[in-house]
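**Q** There's a structure below that I have some questions on.
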Amino acid sequence: MSLLIIVLQCVYFFVDFSGKDIITNDMELAKFTKEIDSLKAIELEARKPKIFPFNPNFITDYKGATLGMSNQEIDRLLNFRKQDQWINSSKQFQEVTQVSDSLLKRISPYFKFQHGYQS
């Protein structure tokens, strides 16, 4: 009986029971893969947090992290604010926090200062 089971398992393991070989169209497959990749990119873009106008004087740890600021940059801003001083321009924001030019360029259009000006 055990010999029969072993023989049947060997047959099951070694014999190919699949029907025909699957024919693939590489061009169609590449096109489909490209479409899936573009849909994934659109989904990732839609998941990114949206940035709304904000006053940089009131950036929290969480808000700074979502904007791409490092902990040190956020701490510099918070220490500046603890001295009861206010950020009044994009240039001053960069001087205080020492953020990179690229990050400043990306987030400064959303700065909304109390007096309505920005440089």
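Here's how to read the names in the structure tokens: chain A, B, ... by the order shown, residue numbers from 1 in each chain, ligand numbers from 1 in the order shown.
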Which residues are near Glu95 of chain A? Cut-off 12 Å, only C-alpha atoms, ignore same chain within fewer than 3 positions. Put them as a list in words.
**A** Glu73, Arg76, Leu77, Phe80, Ile87, Asn88, Ser89, Ser90, Lys91, Gln92, Gln98, Val99, Ser100, Asp101 and Leu104 of chain A
**Q** Fewer than 5 positions away in the same chain doesn't count, so skip those; otherwise give me all residues within 12 Å of segment 59-61 of chain A, counting only C-alpha atoms, as a ChimeraX atom specification.
**A** /A:53-54,66-81,86-87,93,97,111-112
**Q** Just the number, please: distance in Å from atom CA of Pro56 of chain A to atom CA of Asp84 of chain A, one decimal.
**A** 14.1 Å
**Q** Can you work out the spacing between atom CA of Tyr110 of chain A and atom CA of Ile51 of chain A in Å, to one decimal?
**A**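 Atom CA of Tyr110 of chain A sits 7.3 Å away from atom CA of Ile51 of chain A.
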**Q** Considering only helix (DSSP H, G or I) as DSSP defines it on the backbone, what residues of segment 43-107 of chain A qualify? List them as a VMD selection string.
**A** chain A and resid 43 to 47 56 to 58 61 to 67 71 to 82 90 to 97 101 to 107
**Q** So how many Å separate atom CA of Lys105 of chain A and atom CA of Lys50 of chain A, to one decimal?
**A**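 It comes out at 16.2 Å.
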**Q** Find the residue from A:Ile23, A:Ile107, A:Ile42, A:Cys10 that sits nearest to Gln94 of chain A; use only C-alpha atoms when measuring.
**A** A:Ile107
